[in-house]
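Have a look at the structure below, then the notes.
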Amino acid sequence: MNRSIMRLLPLVAILLASLTAACNNGGTIVGPPPPPVPGNFSTASLTGHYAFLMSGREALCNIVDNFARAGTFFADGQGRITGGLEDVNTCAGVGTLQFTSGSYSITADGRGTLHLTNSTGTTNYSITLSSTTRGFIAQTDVNSTASGSFQRQNTAAFSNPAIAGGYVFDFAGVDYSPSPPVPASIIGRFSADGGGGISNGLFDANIDGAPSNQQAFPPGAFYQVDTNGDGTTYGRGTANIAGHDFAFYIVDATRLRLVSIHPLEAFSGDAFAQQSPPFTIASLNSSFAFLLGGSSPSGGIATAGRFTADGAGNITNVALDENDSGNITLLPTGTVTGSYTVDANQLGGGTVTWTDTTVGTFTFIFYLISPTQAVFQEAETGTGITSDGTLLAQTAGPITPASLAGDFAFAWNGVISDEVDFVGQLNLTSASGNNASGIMDFNEFGVATRFFDIQFKGPLTITAPGTGPNTLTLTTTFPSPTTFKFTAYAVDSNTVLLVGVDTNRVLAGSIARQP
C-alpha cells in the first residue's frame with residue numbers, strides 16, 4: 001500500500017505529494033558554538049509527566065511514508081526518562097509501545113535534547129521549552145522527521161469523570177482508504193457525559209478538497225479511559241469520534257491529545273474543553289488572527305491573516321498572506337467585504353466568508369472553543385484546498401517592538417524539497433535594525449540532513465497598530481547564508497503567528513513567550 005503523502009503544520013494540516021527516497025546515512029551539520037545563552041531554564045525545568053503529539057515523515061529504504069504518534073514521557077528533573085507510553089501509526093501498522101528508558105538535557109534558554117527508548121530503538125528530538133509545563137518538539141533522526149508539542153499532565157484527571165462537558169476538536173492527516181490516498185481535515189464538537197458517553201456530536205470534514213458541510217456523528221461514538229494501568233498511569237484511553245477510532249492521552253480536563261488507531265487513517269489532533277454554550281452571533285465581537293496549513297492542487301499551502309468581527313455578523317479589516325507552493329497572495333488587493341454566521345443550535349459552529357473584488361472569495365468553517373478561540377477550516381468548493389488551523393482573538397491594545405521584546409520559543413514546519421521541521425529560541429529587542437536573533441535546530445528530510453545550533457538574526461518590523469501584517473526576516477550565516485521571510489500576525493505580546501512568504505519554500509508556525 002502506497003501511503004506517500006506529506007503534510008504541512010504538525011497539529012492541523014497536511015501537504016499532498018508523492019515521492020520515494022532511499023535509506024542513507026544522511027548528514028549532520030553543527031554550527032559554531034553559540035555564545036553563552038541567558039535564561040531561566042535548566043534540566044530541572046522538565047519534571048513530571050508530559051503528553052506529546054507529533055506527526056511527520058519517515059523513510060524506510062525505498063518507501064517514504066507519513067506517520068503520527070501520541071503519548072507520554074516521565075521526566076525526573078535530573079535528565080532521566082523513567083517511563084512512558086506511546087501510540088504510533090506508521091506504514092507498519094498501529095501499535096502501543098512502552099518507553100523503557102531515555103535521557104534529556106535543557107540549557108538556560110530552554111533549548112535541549114530528548115531521547116526516548118522503547119522496544120524498537122531510540123528516537124531523538126530537539127526541544128524548546130516555552131515554560132516548565134509545555135514546549136515544542138522536532139524529531140532529528142536520519143530517516144524520520146516530525147514536529148509537534150508537549151504539555152505537562154495532571155494525573156488527577158486520569159478518569160472518565162474528568163472528561164465531561166463540551167469539547168471542540170481538530171484532526172488532520174491522511175485517508176488511505178481511496179487509492180491514491182488523500183489529505184483530510186475534520187473539525188467539530190461533542191458533549192461528554194463523564195461516563196464514556198458522547199452526545200451532540202457535529203463535524204465538518206474536508207476530504208481531498210471536498211467540504212462535507214456539517215454532519216452529525218454516526219452511531220457508536222464513545223470515550224473510555226483504559227481500565228488497566230495504561231489509564232491510571234499514563235492517562236491513555238480510546239475513543240470513537242466523528243466515526244473514527246483514536247487513542248488519546250489526557251493532559252488535564254481541558255485537553256486531550258489524539259492519534260488514529262485505524263490502519264487506513266493517519267489522523268492526529270487535539271480536543272479542547274469548550275466554554276458552555278449558548279454561542280450566538282454576538283459571541284464573535286473582536287479582532288482575530290488566524291493560521292492555517294494544508295494542501296492544494298499545486299502542493300503545500302499556508303495562510304495567515306486577521307479580521308474584525310463586529311458582533312452582528314459583519315467582517316471588516318481583512319488582511320491575509322497565503323503561500324500556495326511559492327505563489328504568494330495578499331489581501332486586500334481590491335475591495336474586501338465579508339460576513340459571518342453562528343449556527344442556530346448555539347453549539348459554537350459557524351462560517352466566515354469574505355470576497356476581495358480582485359482575488360475572489362474565501363470561505364471558512366469554525367467551531368468556537370470560547371469567544372476568543374476556535375478551530376478553523378478552509379471550505380471553498382472547487383478549489384481542491386484541504387487546510388485547517390486556529391483562530392485567536394487579538395489583544396485590544398497596540399502591539400509595539402517594546403511590548404514584544406523578550407525571549408520566545410518557536411516551531412516552524414513546512415516543505416522545501418520535502419518536509420522540514422524547525423524548533424528553537426528567539427530573542428526580540430525593541431531596538432531598530434537586527435532586533436531578532438536566536439538559535440535553532442532543524443531536520444531537512446528531503447536531503448536527509450540535520451542541522452544543530454544554527455544561529456540567525458534579522459529585523460522584525462512592526463506596522464502600527466501591530467495587529468496587521470508585520471514582517472520578520474531571519475538570516476543564517478552557517479553553513480551558508482540563508483534568508484527566511486515571514487509575515488507575522490501578533491495575537492498579543494505573548495504569541496505571534498508566522499507564515500513564510502518565500503517563493504522557494506512553504507513554512508508556517510508560531511512563537512510563544514518564555515518567562
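In the C-alpha cells, chains take letters A, B, ... by order of appearance, with residues numbered from 1 within each chain and ligands from 1 in the order shown.
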Each residue of stretch 237-300 of chain A lying at most 7 Å from stretch 45-69 of chain A should get a row with its shortest atom-to-atom pair and the distance in Å to one decimal, counting only C-alpha atoms; could you produce that, ordered by chain and increasing number, as CSV?
```
residue,atom,partner,partner_atom,distance
A:Tyr249,CA,A:Ala51,CA,6.5
A:Val251,CA,A:Ala51,CA,6.1
A:Arg257,CA,A:Leu53,CA,6.4
A:Val259,CA,A:Arg69,CA,6.3
A:Ala266,CA,A:Ala68,CA,6.5
A:Ser268,CA,A:Ala68,CA,6.6
```
Would you mind exporting C-alpha atoms of the selected residues as an mmCIF file, in the first residue's frame?
```
data_model
loop_
_atom_site.group_PDB
_atom_site.id
_atom_site.type_symbol
_atom_site.label_atom_id
_atom_site.label_comp_id
_atom_site.auth_asym_id
_atom_site.auth_seq_id
_atom_site.Cartn_x
_atom_site.Cartn_y
_atom_site.Cartn_z
ATOM 1 C CA TYR A 249 -3.766 10.867 26.218
ATOM 2 C CA VAL A 251 -3.333 16.433 29.547
ATOM 3 C CA ARG A 257 -4.187 14.556 22.572
ATOM 4 C CA VAL A 259 -3.915 9.780 17.251
ATOM 5 C CA ALA A 266 -3.217 8.597 9.910
ATOM 6 C CA SER A 268 -3.845 13.300 14.795
#
```
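Using only C-alpha atoms, the residues found no farther than 6 Å from stretch 239-246 of chain A, other than those of its own chain fewer than 3 positions away, are Phe217, Pro218, Ala221, Phe222, Tyr223, Val259, Ser260 and Ile261 of chain A.
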I'd like the contact shell of A:Gly384 - 10 Å cut-off, only C-alpha atoms, skipping same-chain residues fewer than 5 positions apart - returned as a PyMOL selection string. chain A and resi 206-211+295-298+379
So, counting only C-alpha atoms, which residue among A:Pro180, A:Gly300, A:Gly237, A:Pro34 is closest to A:Gly438? A:Pro34
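Among the candidate residues A:Gly201, A:Pro277, A:Gly299, A:Gly110, the one lying nearest to A:Asn327 is A:Gly299, with distances computed using only C-alpha atoms.
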Using only C-alpha atoms, which protein or nucleic acid residues come within 8 Å of A:Asn154? Drop anything in the same chain fewer than 2 positions from it, and give the result as a PyMOL selection string. chain A and resi 49+152+156-158+250-252
May I have the selected residues written with all heavy atoms, as a JSON list (two decimals), in the first residue's frame?
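Full text of part39.json as output:
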```json
[["chain", "number", "residue", "atom", "x", "y", "z"],
["A", 49, "HIS", "N", 5.08, 14.34, 34.23],
["A", 49, "HIS", "CA", 4.54, 13.58, 33.12],
["A", 49, "HIS", "C", 4.11, 14.56, 32.03],
["A", 49, "HIS", "O", 3.38, 15.52, 32.31],
["A", 49, "HIS", "CB", 3.32, 12.77, 33.56],
["A", 49, "HIS", "CG", 3.62, 11.74, 34.60],
["A", 49, "HIS", "ND1", 2.73, 10.73, 34.91],
["A", 49, "HIS", "CD2", 4.68, 11.54, 35.42],
["A", 49, "HIS", "CE1", 3.24, 9.96, 35.85],
["A", 49, "HIS", "NE2", 4.43, 10.44, 36.19],
["A", 152, "ARG", "N", 2.58, 19.33, 30.22],
["A", 152, "ARG", "CA", 2.57, 18.56, 31.46],
["A", 152, "ARG", "C", 1.15, 18.07, 31.76],
["A", 152, "ARG", "O", 0.17, 18.80, 31.62],
["A", 152, "ARG", "CB", 3.09, 19.40, 32.62],
["A", 152, "ARG", "CG", 3.19, 18.60, 33.92],
["A", 152, "ARG", "CD", 3.62, 19.49, 35.08],
["A", 152, "ARG", "NE", 5.02, 19.87, 34.96],
["A", 152, "ARG", "CZ", 5.58, 20.87, 35.63],
["A", 152, "ARG", "NH1", 4.84, 21.63, 36.43],
["A", 152, "ARG", "NH2", 6.86, 21.16, 35.47],
["A", 156, "ALA", "N", -4.35, 13.68, 38.22],
["A", 156, "ALA", "CA", -5.63, 13.58, 38.90],
["A", 156, "ALA", "C", -6.80, 13.54, 37.92],
["A", 156, "ALA", "O", -7.92, 13.19, 38.31],
["A", 156, "ALA", "CB", -5.80, 14.75, 39.87],
["A", 157, "ALA", "N", -6.55, 13.87, 36.65],
["A", 157, "ALA", "CA", -7.61, 13.87, 35.64],
["A", 157, "ALA", "C", -7.66, 12.58, 34.85],
["A", 157, "ALA", "O", -8.37, 12.50, 33.84],
["A", 157, "ALA", "CB", -7.41, 15.05, 34.69],
["A", 158, "PHE", "N", -6.95, 11.54, 35.28],
["A", 158, "PHE", "CA", -6.90, 10.29, 34.52],
["A", 158, "PHE", "C", -8.11, 9.41, 34.85],
["A", 158, "PHE", "O", -8.00, 8.33, 35.43],
["A", 158, "PHE", "CB", -5.61, 9.53, 34.84],
["A", 158, "PHE", "CG", -4.35, 10.18, 34.30],
["A", 158, "PHE", "CD1", -3.11, 9.61, 34.58],
["A", 158, "PHE", "CD2", -4.39, 11.32, 33.54],
["A", 158, "PHE", "CE1", -1.93, 10.18, 34.09],
["A", 158, "PHE", "CE2", -3.22, 11.91, 33.06],
["A", 158, "PHE", "CZ", -1.99, 11.34, 33.33],
["A", 250, "ILE", "N", -4.62, 12.07, 28.14],
["A", 250, "ILE", "CA", -5.19, 13.20, 28.85],
["A", 250, "ILE", "C", -4.08, 14.14, 29.31],
["A", 250, "ILE", "O", -3.12, 13.71, 29.95],
["A", 250, "ILE", "CB", -5.99, 12.72, 30.08],
["A", 250, "ILE", "CG1", -7.16, 11.84, 29.64],
["A", 250, "ILE", "CG2", -6.47, 13.89, 30.92],
["A", 250, "ILE", "CD1", -7.84, 11.12, 30.79],
["A", 251, "VAL", "N", -4.18, 15.41, 28.94],
["A", 251, "VAL", "CA", -3.33, 16.43, 29.55],
["A", 251, "VAL", "C", -3.94, 16.84, 30.88],
["A", 251, "VAL", "O", -3.32, 16.77, 31.93],
["A", 251, "VAL", "CB", -3.19, 17.65, 28.62],
["A", 251, "VAL", "CG1", -2.43, 18.77, 29.32],
["A", 251, "VAL", "CG2", -2.48, 17.25, 27.33],
["A", 252, "ASP", "N", -5.18, 17.25, 30.82],
["A", 252, "ASP", "CA", -5.97, 17.56, 32.01],
["A", 252, "ASP", "C", -7.43, 17.58, 31.55],
["A", 252, "ASP", "O", -7.73, 17.15, 30.42],
["A", 252, "ASP", "CB", -5.54, 18.89, 32.66],
["A", 252, "ASP", "CG", -5.52, 20.06, 31.67],
["A", 252, "ASP", "OD1", -6.35, 20.08, 30.74],
["A", 252, "ASP", "OD2", -4.67, 20.95, 31.84]]
```
May I ask for the distance between atom CA of A:Val336 and atom CA of A:Pro469, given in Å to one decimal place? 16.0 Å
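When only C-alpha atoms are used to measure the gap to A:Gly348, the shortest distance among A:Ala396, A:Leu85, A:Ala44, A:Ile281 belongs to A:Ile281.
Among the candidates A:Thr96, A:Ser191, A:Thr357, A:Thr155, the one nearest to A:Phe169 when counting only C-alpha atoms is A:Ser191.
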For the structure I just gave you, how does DSSP split stretch 288-452 of chain A - specifically, which residues are strand (DSSP E or B)? Reply as a ChimeraX atom specification. /A:288-296,299-310,314-324,327-331,336-342,349-356,360-370,373-378,386-393,406-415,419-428,436-444,449-452
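Among the candidates A:Ala302, A:Ile385, A:Leu330, A:Ala436, the one nearest to A:Ala405 when counting only C-alpha atoms is A:Ala436.
Distance check against A:Gln373 using only C-alpha atoms: of A:Gln275, A:Gln455, A:Gln514, A:Gln425, the minimum falls on A:Gln275.
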Which stretch 310-340 of chain A residues have any atom within 12 Å of an atom of stretch 413-421 of chain A, and for each, what is the nearest pair of atoms with distance in Å to one decimal, counting only C-alpha atoms, rows sorted by chain and number, as CSV?
```
residue,atom,partner,partner_atom,distance
A:Asn323,CA,A:Gly414,CA,11.0
A:Asp324,CA,A:Val415,CA,11.2
A:Ser325,CA,A:Val415,CA,8.8
A:Gly326,CA,A:Ile416,CA,10.1
```
I need the chosen residues saved as a PDB file, in the first residue's frame, with N, CA and C atoms.
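Output (selection24.pdb):
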```pdb
ATOM      1  N   ASN A 323       0.599  31.448   1.007  1.00  0.00           N
ATOM      2  CA  ASN A 323       1.700  30.897   0.221  1.00  0.00           C
ATOM      3  C   ASN A 323       1.255  29.534  -0.298  1.00  0.00           C
ATOM      4  N   ASP A 324       0.933  29.482  -1.565  1.00  0.00           N
ATOM      5  CA  ASP A 324       0.479  28.252  -2.214  1.00  0.00           C
ATOM      6  C   ASP A 324       1.606  27.749  -3.109  1.00  0.00           C
ATOM      7  N   SER A 325       2.460  26.896  -2.515  1.00  0.00           N
ATOM      8  CA  SER A 325       3.607  26.329  -3.239  1.00  0.00           C
ATOM      9  C   SER A 325       4.484  27.410  -3.852  1.00  0.00           C
ATOM     10  N   GLY A 326       4.695  28.503  -3.107  1.00  0.00           N
ATOM     11  CA  GLY A 326       5.543  29.585  -3.576  1.00  0.00           C
ATOM     12  C   GLY A 326       4.811  30.692  -4.305  1.00  0.00           C
TER      13      GLY A 326
END
```
Contacts of A:Pro332 within 12 Å, only C-alpha atoms, excl. fewer than 4 positions in-chain, as a short mmCIF file (atom, residue, chain, number, x, y, z; two decimals) with C-alpha atoms, in the first residue's frame:
```cif
data_model
loop_
_atom_site.label_atom_id
_atom_site.label_comp_id
_atom_site.auth_asym_id
_atom_site.auth_seq_id
_atom_site.Cartn_x
_atom_site.Cartn_y
_atom_site.Cartn_z
CA GLY A 305 -4.18 36.77 8.48
CA ARG A 306 -6.59 38.75 10.60
CA PHE A 307 -10.09 40.25 10.55
CA THR A 316 -14.09 44.15 8.26
CA ASN A 317 -10.35 44.94 8.24
CA VAL A 318 -9.35 41.71 6.48
CA ALA A 319 -5.65 41.07 5.84
CA LEU A 320 -4.27 37.78 4.54
CA ASP A 321 -0.98 36.26 3.35
CA GLU A 322 -1.22 32.96 1.50
CA VAL A 336 -12.96 43.35 0.63
CA THR A 337 -16.40 42.72 2.11
CA GLY A 338 -17.32 39.93 4.50
CA TRP A 354 -15.17 37.40 2.60
CA THR A 355 -14.70 38.48 -1.01
CA ASP A 356 -11.86 40.51 -2.48
CA THR A 357 -13.03 42.09 -5.72
CA THR A 358 -9.69 41.22 -7.34
CA VAL A 359 -8.72 37.88 -5.76
CA GLY A 360 -12.10 36.24 -5.12
CA THR A 361 -14.00 34.59 -2.24
CA GLY A 468 -1.99 43.60 10.92
CA PRO A 469 0.74 42.14 8.73
#
```
Who sits within 10 Å of A:Ser276, only C-alpha atoms, same chain under 6 positions skipped, as a count of residues only: 7
I'd like the contact shell of stretch 113-117 of chain A - 6 Å cut-off, only C-alpha atoms, skipping same-chain residues fewer than 5 positions apart - returned as a ChimeraX atom specification. /A:99-105,122-127
Take the residues from that selection and write them out as a short mmCIF file (atom, residue, chain, number, x, y, z; two decimals), in the first residue's frame, keeping all heavy atoms.
```
data_model
loop_
_atom_site.label_atom_id
_atom_site.label_comp_id
_atom_site.auth_asym_id
_atom_site.auth_seq_id
_atom_site.Cartn_x
_atom_site.Cartn_y
_atom_site.Cartn_z
N PHE A 99 7.92 3.11 26.88
CA PHE A 99 9.28 3.62 26.98
C PHE A 99 9.97 2.93 28.16
O PHE A 99 9.46 2.93 29.28
CB PHE A 99 9.31 5.13 27.17
CG PHE A 99 8.79 5.89 25.99
CD1 PHE A 99 7.80 6.85 26.13
CD2 PHE A 99 9.28 5.66 24.71
CE1 PHE A 99 7.32 7.56 25.05
CE2 PHE A 99 8.81 6.36 23.61
CZ PHE A 99 7.81 7.31 23.78
N THR A 100 11.15 2.39 27.88
CA THR A 100 11.90 1.68 28.91
C THR A 100 13.00 2.53 29.52
O THR A 100 13.47 2.23 30.63
CB THR A 100 12.51 0.40 28.33
OG1 THR A 100 13.31 0.73 27.18
CG2 THR A 100 11.41 -0.56 27.89
N SER A 101 13.45 3.55 28.81
CA SER A 101 14.50 4.43 29.33
C SER A 101 14.57 5.65 28.43
O SER A 101 13.80 5.81 27.48
CB SER A 101 15.85 3.71 29.37
OG SER A 101 16.27 3.34 28.06
N GLY A 102 15.53 6.50 28.70
CA GLY A 102 15.73 7.69 27.90
C GLY A 102 16.50 8.73 28.68
O GLY A 102 16.84 8.54 29.86
N SER A 103 16.78 9.85 28.03
CA SER A 103 17.52 10.92 28.68
C SER A 103 17.15 12.25 28.04
O SER A 103 16.54 12.30 26.97
CB SER A 103 19.03 10.69 28.56
OG SER A 103 19.43 10.68 27.19
N TYR A 104 17.53 13.34 28.71
CA TYR A 104 17.28 14.68 28.17
C TYR A 104 18.20 15.67 28.85
O TYR A 104 18.76 15.39 29.92
CB TYR A 104 15.82 15.09 28.35
CG TYR A 104 15.41 15.30 29.79
CD1 TYR A 104 15.44 16.56 30.37
CD2 TYR A 104 14.99 14.22 30.57
CE1 TYR A 104 15.07 16.75 31.69
CE2 TYR A 104 14.63 14.40 31.90
CZ TYR A 104 14.66 15.66 32.45
OH TYR A 104 14.30 15.86 33.75
N SER A 105 18.33 16.83 28.24
CA SER A 105 19.08 17.94 28.85
C SER A 105 18.48 19.24 28.35
O SER A 105 17.97 19.32 27.22
CB SER A 105 20.56 17.87 28.49
OG SER A 105 20.75 18.00 27.09
N THR A 122 15.71 3.78 19.82
CA THR A 122 15.70 5.12 20.42
C THR A 122 15.38 6.16 19.36
O THR A 122 15.96 6.15 18.27
CB THR A 122 17.06 5.44 21.07
OG1 THR A 122 17.31 4.49 22.11
CG2 THR A 122 17.07 6.84 21.65
N THR A 123 14.45 7.05 19.67
CA THR A 123 14.15 8.19 18.81
C THR A 123 14.74 9.44 19.46
O THR A 123 14.80 9.56 20.69
CB THR A 123 12.65 8.36 18.60
OG1 THR A 123 11.98 8.32 19.87
CG2 THR A 123 12.11 7.27 17.70
N ASN A 124 15.17 10.39 18.62
CA ASN A 124 15.93 11.55 19.08
C ASN A 124 15.21 12.83 18.69
O ASN A 124 14.70 12.95 17.56
CB ASN A 124 17.33 11.53 18.47
CG ASN A 124 18.07 10.25 18.81
OD1 ASN A 124 18.49 10.04 19.94
ND2 ASN A 124 18.24 9.38 17.82
N TYR A 125 15.21 13.80 19.59
CA TYR A 125 14.44 15.02 19.39
C TYR A 125 15.23 16.24 19.85
O TYR A 125 16.02 16.17 20.80
CB TYR A 125 13.13 14.96 20.18
CG TYR A 125 12.28 13.76 19.87
CD1 TYR A 125 12.40 12.60 20.63
CD2 TYR A 125 11.38 13.77 18.82
CE1 TYR A 125 11.63 11.48 20.36
CE2 TYR A 125 10.60 12.66 18.53
CZ TYR A 125 10.73 11.51 19.30
OH TYR A 125 9.98 10.40 19.01
N SER A 126 14.98 17.37 19.20
CA SER A 126 15.32 18.68 19.72
C SER A 126 14.05 19.30 20.29
O SER A 126 12.97 19.17 19.70
CB SER A 126 15.90 19.58 18.63
OG SER A 126 17.17 19.15 18.23
N ILE A 127 14.17 19.95 21.44
CA ILE A 127 13.01 20.55 22.09
C ILE A 127 13.34 21.97 22.52
O ILE A 127 14.51 22.34 22.68
CB ILE A 127 12.54 19.72 23.31
CG1 ILE A 127 13.64 19.65 24.38
CG2 ILE A 127 12.13 18.32 22.88
CD1 ILE A 127 13.20 18.92 25.65
#
```
Step one, run DSSP on the backbone; step two, keep only residues of stretch 322-497 of chain A assigned to helix (DSSP H, G or I); then write them as a ChimeraX atom specification. /A:401-404,445-447
